[in-house]
Amino acid sequence: MQVVYIGPMMKKISEEMERKANEELKKYRLTLTQGKVILFLSERSDKKATQKELEDYLQVSHPTTVTIVKSMEAKNMVETFPDDEDRRMKNIRLIWGNEEIYHKLRENAENLEIQLMEGFSDEEKELFFSFLNRAYKNAAT
């Protein structure tokens with residue numbers, strides 16, 4: 001059986017999606033990671049989360065999360081404060097933007113996903129996602 005190298009194609013797709021996302025986010029002077037943080041926090045009723053929740057959402061290390069939060073705090077996008085119940089935990093609150101901007105950011109992200117899956121039937125989308133999920137599990141073990 002001939003080996004099929006899908007890694008380079010997956011990388012090309014990822015890079016192209018990132019390029020398009022960054023192009024859209026440039027209008028707001030945001031990076032892709034900042035956009036992800038803003039969307040994550042904006043979807044919460046109180047616009048806040050713990051640093052650990054953000055770390056889990058972004059799937060990055062604690063030091064990386066700290067760096068992201070500090071840079072966003074320096075740009076007055078978020079504020080941090082200790083948790084009322086557990087002073088060791090740090091909370092992050094979104095202070096940048098408004099509902100109109102958050103809606104536009106969500107819409108742009110959804111449009112990228114729609115564009116990526118254009119021409120696929122619902123069944124093909126389900127299969128594709130299941131294949132990607134299985135490939136990820138295989139790579140992660």
# chains A, B, ... in the order shown; residues from 1 in each chain; ligands from 1

$ select_by_dssp --residues "chain A" --states "strand (DSSP E)" --output "list in words"
Lys48, Ala49, Thr50, Val78, Glu79, Thr80, Phe81, Pro82, Lys90, Asn91, Ile92, Arg93 and Leu94 of chain A

$ closest_atom_pairs --of "region 15-123 of chain A" --to "region 129-138 of chain A" --cutoff "12 Å" --atoms "only C-alpha atoms" --output "JSON lines"
{"residue": "A:Met117", "atom": "CA", "partner": "A:Phe129", "partner_atom": "CA", "distance": 10.5}
{"residue": "A:Phe120", "atom": "CA", "partner": "A:Phe129", "partner_atom": "CA", "distance": 11.5}
{"residue": "A:Asp122", "atom": "CA", "partner": "A:Phe129", "partner_atom": "CA", "distance": 10.7}
{"residue": "A:Glu123", "atom": "CA", "partner": "A:Phe129", "partner_atom": "CA", "distance": 10.0}

$ closest_residue --among "A:Gln115, A:Asn108, A:Thr67, A:Ser121" --to "Gly35 (chain A)" --atoms "only C-alpha atoms"
A:Asn108

$ closest_atom_pairs --of "region 70-114 of chain A" --to "region 58-66 of chain A" --cutoff "10 Å" --atoms "only C-alpha atoms" --output "tab-separated table"
residue	atom	partner	partner_atom	distance
A:Lys70	CA	A:Val66	CA	6.0
A:Ser71	CA	A:Val66	CA	8.6
A:Met72	CA	A:Val66	CA	9.9

$ write_last_selection --atoms "all heavy atoms" --output "CSV table (one decimal), in the first residue's frame"
chain,number,residue,atom,x,y,z
A,70,LYS,N,-1.4,38.8,29.6
A,70,LYS,CA,-0.6,40.0,29.9
A,70,LYS,C,-0.6,41.0,28.7
A,70,LYS,O,-0.7,42.2,28.9
A,70,LYS,CB,0.8,39.7,30.4
A,70,LYS,CG,0.9,39.2,31.8
A,70,LYS,CD,2.3,39.0,32.3
A,70,LYS,CE,2.3,38.6,33.7
A,70,LYS,NZ,3.7,38.4,34.2
A,71,SER,N,-0.4,40.5,27.5
A,71,SER,CA,-0.3,41.3,26.4
A,71,SER,C,-1.7,41.9,26.1
A,71,SER,O,-1.8,43.1,25.7
A,71,SER,CB,0.2,40.6,25.1
A,71,SER,OG,-0.8,39.7,24.7
A,72,MET,N,-2.8,41.2,26.3
A,72,MET,CA,-4.1,41.8,26.1
A,72,MET,C,-4.5,42.8,27.2
A,72,MET,O,-5.2,43.7,26.9
A,72,MET,CB,-5.1,40.6,26.0
A,72,MET,CG,-5.0,39.8,24.8
A,72,MET,SD,-6.3,38.5,24.6
A,72,MET,CE,-7.7,39.5,24.2

$ closest_residue --among "A:Ala140, A:Met10, A:Val69, A:Met77" --to "Lys52 (chain A)" --atoms "only C-alpha atoms"
A:Val69

$ closest_residue --among "A:Met1, A:Thr31, A:Asp83, A:Leu39" --to "Glu110 (chain A)" --atoms "only C-alpha atoms"
A:Leu39

$ residues_around --residues "Glu43 (chain A)" --least-positions-apart "6" --cutoff "10 Å" --atoms "only C-alpha atoms" --output "VMD selection string"
chain A and resid 99 102 to 103 106

$ atom_distance --atom1 "CA of Arg44 (chain A)" --atom2 "CA of Arg19 (chain A)"
26.8 Å

$ residues_around --residues "Lys47 (chain A)" --least-positions-apart "5" --cutoff "8 Å" --atoms "only C-alpha atoms" --output "MDAnalysis selection string"
chainID A and resid 41:42 93:94

$ select_by_dssp --residues "chain A" --states "alpha helix (DSSP H)" --output "PyMOL selection string"
chain A and resi 7-25+32-42+51-58+62-74+99-116+122-140

$ decode --residues "region 93-107 of chain A" --atoms "all heavy atoms" --output "PDB file, in the first residue's frame"
ATOM      1  N   ARG A  93     -11.500  39.272  32.664  1.00  0.00           N
ATOM      2  CA  ARG A  93     -12.750  39.858  32.181  1.00  0.00           C
ATOM      3  C   ARG A  93     -12.480  40.652  30.913  1.00  0.00           C
ATOM      4  O   ARG A  93     -11.539  41.429  30.843  1.00  0.00           O
ATOM      5  CB  ARG A  93     -13.367  40.779  33.226  1.00  0.00           C
ATOM      6  CG  ARG A  93     -14.689  41.427  32.740  1.00  0.00           C
ATOM      7  CD  ARG A  93     -15.316  42.379  33.737  1.00  0.00           C
ATOM      8  NE  ARG A  93     -15.736  41.657  34.924  1.00  0.00           N
ATOM      9  CZ  ARG A  93     -15.291  41.929  36.155  1.00  0.00           C
ATOM     10  NH1 ARG A  93     -14.413  42.893  36.354  1.00  0.00           N
ATOM     11  NH2 ARG A  93     -15.725  41.235  37.184  1.00  0.00           N
ATOM     12  N   LEU A  94     -13.359  40.478  29.949  1.00  0.00           N
ATOM     13  CA  LEU A  94     -13.281  41.203  28.686  1.00  0.00           C
ATOM     14  C   LEU A  94     -13.771  42.635  28.895  1.00  0.00           C
ATOM     15  O   LEU A  94     -14.859  42.848  29.419  1.00  0.00           O
ATOM     16  CB  LEU A  94     -14.156  40.503  27.641  1.00  0.00           C
ATOM     17  CG  LEU A  94     -14.222  41.109  26.254  1.00  0.00           C
ATOM     18  CD1 LEU A  94     -12.838  41.137  25.603  1.00  0.00           C
ATOM     19  CD2 LEU A  94     -15.190  40.312  25.387  1.00  0.00           C
ATOM     20  N   ILE A  95     -12.941  43.618  28.513  1.00  0.00           N
ATOM     21  CA  ILE A  95     -13.331  45.026  28.645  1.00  0.00           C
ATOM     22  C   ILE A  95     -13.237  45.753  27.304  1.00  0.00           C
ATOM     23  O   ILE A  95     -13.516  46.945  27.217  1.00  0.00           O
ATOM     24  CB  ILE A  95     -12.490  45.765  29.716  1.00  0.00           C
ATOM     25  CG1 ILE A  95     -10.998  45.685  29.406  1.00  0.00           C
ATOM     26  CG2 ILE A  95     -12.803  45.211  31.108  1.00  0.00           C
ATOM     27  CD1 ILE A  95     -10.110  46.514  30.334  1.00  0.00           C
ATOM     28  N   TRP A  96     -12.873  45.041  26.258  1.00  0.00           N
ATOM     29  CA  TRP A  96     -12.703  45.625  24.927  1.00  0.00           C
ATOM     30  C   TRP A  96     -13.909  45.281  24.064  1.00  0.00           C
ATOM     31  O   TRP A  96     -14.481  44.213  24.177  1.00  0.00           O
ATOM     32  CB  TRP A  96     -11.443  45.062  24.286  1.00  0.00           C
ATOM     33  CG  TRP A  96     -11.176  45.532  22.886  1.00  0.00           C
ATOM     34  CD1 TRP A  96     -10.445  46.628  22.531  1.00  0.00           C
ATOM     35  CD2 TRP A  96     -11.622  44.930  21.666  1.00  0.00           C
ATOM     36  NE1 TRP A  96     -10.410  46.728  21.158  1.00  0.00           N
ATOM     37  CE2 TRP A  96     -11.131  45.707  20.600  1.00  0.00           C
ATOM     38  CE3 TRP A  96     -12.395  43.827  21.372  1.00  0.00           C
ATOM     39  CZ2 TRP A  96     -11.380  45.403  19.272  1.00  0.00           C
ATOM     40  CZ3 TRP A  96     -12.649  43.513  20.050  1.00  0.00           C
ATOM     41  CH2 TRP A  96     -12.134  44.305  19.014  1.00  0.00           C
ATOM     42  N   GLY A  97     -14.286  46.169  23.182  1.00  0.00           N
ATOM     43  CA  GLY A  97     -15.309  45.884  22.188  1.00  0.00           C
ATOM     44  C   GLY A  97     -16.723  46.053  22.697  1.00  0.00           C
ATOM     45  O   GLY A  97     -16.956  46.566  23.791  1.00  0.00           O
ATOM     46  N   ASN A  98     -17.661  45.604  21.861  1.00  0.00           N
ATOM     47  CA  ASN A  98     -19.081  45.669  22.190  1.00  0.00           C
ATOM     48  C   ASN A  98     -19.794  44.522  21.473  1.00  0.00           C
ATOM     49  O   ASN A  98     -19.186  43.801  20.686  1.00  0.00           O
ATOM     50  CB  ASN A  98     -19.673  47.029  21.803  1.00  0.00           C
ATOM     51  CG  ASN A  98     -19.464  47.344  20.325  1.00  0.00           C
ATOM     52  OD1 ASN A  98     -19.740  46.515  19.457  1.00  0.00           O
ATOM     53  ND2 ASN A  98     -18.980  48.536  20.021  1.00  0.00           N
ATOM     54  N   GLU A  99     -21.087  44.365  21.740  1.00  0.00           N
ATOM     55  CA  GLU A  99     -21.842  43.247  21.184  1.00  0.00           C
ATOM     56  C   GLU A  99     -21.817  43.226  19.656  1.00  0.00           C
ATOM     57  O   GLU A  99     -21.780  42.163  19.044  1.00  0.00           O
ATOM     58  CB  GLU A  99     -23.286  43.255  21.690  1.00  0.00           C
ATOM     59  CG  GLU A  99     -23.419  42.911  23.162  1.00  0.00           C
ATOM     60  CD  GLU A  99     -22.831  41.568  23.553  1.00  0.00           C
ATOM     61  OE1 GLU A  99     -22.928  40.595  22.767  1.00  0.00           O
ATOM     62  OE2 GLU A  99     -22.253  41.478  24.655  1.00  0.00           O
ATOM     63  N   GLU A 100     -21.829  44.386  19.032  1.00  0.00           N
ATOM     64  CA  GLU A 100     -21.801  44.458  17.570  1.00  0.00           C
ATOM     65  C   GLU A 100     -20.488  43.879  17.024  1.00  0.00           C
ATOM     66  O   GLU A 100     -20.484  43.098  16.068  1.00  0.00           O
ATOM     67  CB  GLU A 100     -21.960  45.905  17.106  1.00  0.00           C
ATOM     68  CG  GLU A 100     -22.046  46.064  15.611  1.00  0.00           C
ATOM     69  CD  GLU A 100     -22.226  47.519  15.185  1.00  0.00           C
ATOM     70  OE1 GLU A 100     -22.860  48.285  15.921  1.00  0.00           O
ATOM     71  OE2 GLU A 100     -21.710  47.859  14.103  1.00  0.00           O
ATOM     72  N   ILE A 101     -19.383  44.239  17.653  1.00  0.00           N
ATOM     73  CA  ILE A 101     -18.074  43.716  17.234  1.00  0.00           C
ATOM     74  C   ILE A 101     -18.002  42.211  17.493  1.00  0.00           C
ATOM     75  O   ILE A 101     -17.536  41.456  16.645  1.00  0.00           O
ATOM     76  CB  ILE A 101     -16.923  44.453  17.953  1.00  0.00           C
ATOM     77  CG1 ILE A 101     -16.820  45.888  17.420  1.00  0.00           C
ATOM     78  CG2 ILE A 101     -15.599  43.720  17.776  1.00  0.00           C
ATOM     79  CD1 ILE A 101     -15.825  46.756  18.161  1.00  0.00           C
ATOM     80  N   TYR A 102     -18.475  41.763  18.659  1.00  0.00           N
ATOM     81  CA  TYR A 102     -18.424  40.336  18.978  1.00  0.00           C
ATOM     82  C   TYR A 102     -19.239  39.542  17.956  1.00  0.00           C
ATOM     83  O   TYR A 102     -18.824  38.477  17.500  1.00  0.00           O
ATOM     84  CB  TYR A 102     -18.965  40.043  20.385  1.00  0.00           C
ATOM     85  CG  TYR A 102     -18.342  40.863  21.486  1.00  0.00           C
ATOM     86  CD1 TYR A 102     -19.074  41.197  22.619  1.00  0.00           C
ATOM     87  CD2 TYR A 102     -17.029  41.316  21.423  1.00  0.00           C
ATOM     88  CE1 TYR A 102     -18.525  41.936  23.642  1.00  0.00           C
ATOM     89  CE2 TYR A 102     -16.466  42.069  22.441  1.00  0.00           C
ATOM     90  CZ  TYR A 102     -17.227  42.382  23.552  1.00  0.00           C
ATOM     91  OH  TYR A 102     -16.684  43.127  24.560  1.00  0.00           O
ATOM     92  N   HIS A 103     -20.407  40.072  17.582  1.00  0.00           N
ATOM     93  CA  HIS A 103     -21.253  39.422  16.583  1.00  0.00           C
ATOM     94  C   HIS A 103     -20.514  39.319  15.248  1.00  0.00           C
ATOM     95  O   HIS A 103     -20.540  38.274  14.588  1.00  0.00           O
ATOM     96  CB  HIS A 103     -22.574  40.185  16.418  1.00  0.00           C
ATOM     97  CG  HIS A 103     -23.423  39.644  15.319  1.00  0.00           C
ATOM     98  ND1 HIS A 103     -24.147  38.470  15.440  1.00  0.00           N
ATOM     99  CD2 HIS A 103     -23.663  40.094  14.065  1.00  0.00           C
ATOM    100  CE1 HIS A 103     -24.775  38.233  14.311  1.00  0.00           C
ATOM    101  NE2 HIS A 103     -24.508  39.199  13.455  1.00  0.00           N
ATOM    102  N   LYS A 104     -19.861  40.390  14.846  1.00  0.00           N
ATOM    103  CA  LYS A 104     -19.130  40.413  13.571  1.00  0.00           C
ATOM    104  C   LYS A 104     -17.970  39.405  13.602  1.00  0.00           C
ATOM    105  O   LYS A 104     -17.733  38.698  12.622  1.00  0.00           O
ATOM    106  CB  LYS A 104     -18.625  41.832  13.291  1.00  0.00           C
ATOM    107  CG  LYS A 104     -18.134  42.025  11.897  1.00  0.00           C
ATOM    108  CD  LYS A 104     -19.277  41.959  10.901  1.00  0.00           C
ATOM    109  CE  LYS A 104     -18.780  42.231   9.514  1.00  0.00           C
ATOM    110  NZ  LYS A 104     -19.692  41.724   8.500  1.00  0.00           N
ATOM    111  N   LEU A 105     -17.258  39.326  14.716  1.00  0.00           N
ATOM    112  CA  LEU A 105     -16.157  38.370  14.843  1.00  0.00           C
ATOM    113  C   LEU A 105     -16.674  36.936  14.737  1.00  0.00           C
ATOM    114  O   LEU A 105     -16.066  36.095  14.064  1.00  0.00           O
ATOM    115  CB  LEU A 105     -15.409  38.572  16.162  1.00  0.00           C
ATOM    116  CG  LEU A 105     -14.603  39.863  16.304  1.00  0.00           C
ATOM    117  CD1 LEU A 105     -14.039  39.983  17.715  1.00  0.00           C
ATOM    118  CD2 LEU A 105     -13.495  39.947  15.270  1.00  0.00           C
ATOM    119  N   ARG A 106     -17.805  36.642  15.412  1.00  0.00           N
ATOM    120  CA  ARG A 106     -18.401  35.305  15.339  1.00  0.00           C
ATOM    121  C   ARG A 106     -18.828  34.988  13.908  1.00  0.00           C
ATOM    122  O   ARG A 106     -18.593  33.893  13.407  1.00  0.00           O
ATOM    123  CB  ARG A 106     -19.616  35.218  16.265  1.00  0.00           C
ATOM    124  CG  ARG A 106     -19.312  34.707  17.651  1.00  0.00           C
ATOM    125  CD  ARG A 106     -20.560  34.405  18.453  1.00  0.00           C
ATOM    126  NE  ARG A 106     -21.378  35.560  18.771  1.00  0.00           N
ATOM    127  CZ  ARG A 106     -21.090  36.462  19.700  1.00  0.00           C
ATOM    128  NH1 ARG A 106     -19.993  36.353  20.403  1.00  0.00           N
ATOM    129  NH2 ARG A 106     -21.905  37.466  19.933  1.00  0.00           N
ATOM    130  N   GLU A 107     -19.439  35.967  13.267  1.00  0.00           N
ATOM    131  CA  GLU A 107     -19.899  35.801  11.891  1.00  0.00           C
ATOM    132  C   GLU A 107     -18.723  35.511  10.948  1.00  0.00           C
ATOM    133  O   GLU A 107     -18.811  34.623  10.099  1.00  0.00           O
ATOM    134  CB  GLU A 107     -20.613  37.082  11.453  1.00  0.00           C
ATOM    135  CG  GLU A 107     -21.387  36.978  10.179  1.00  0.00           C
ATOM    136  CD  GLU A 107     -22.149  38.260   9.904  1.00  0.00           C
ATOM    137  OE1 GLU A 107     -21.506  39.252   9.486  1.00  0.00           O
ATOM    138  OE2 GLU A 107     -23.374  38.270  10.124  1.00  0.00           O
TER     139      GLU A 107
END
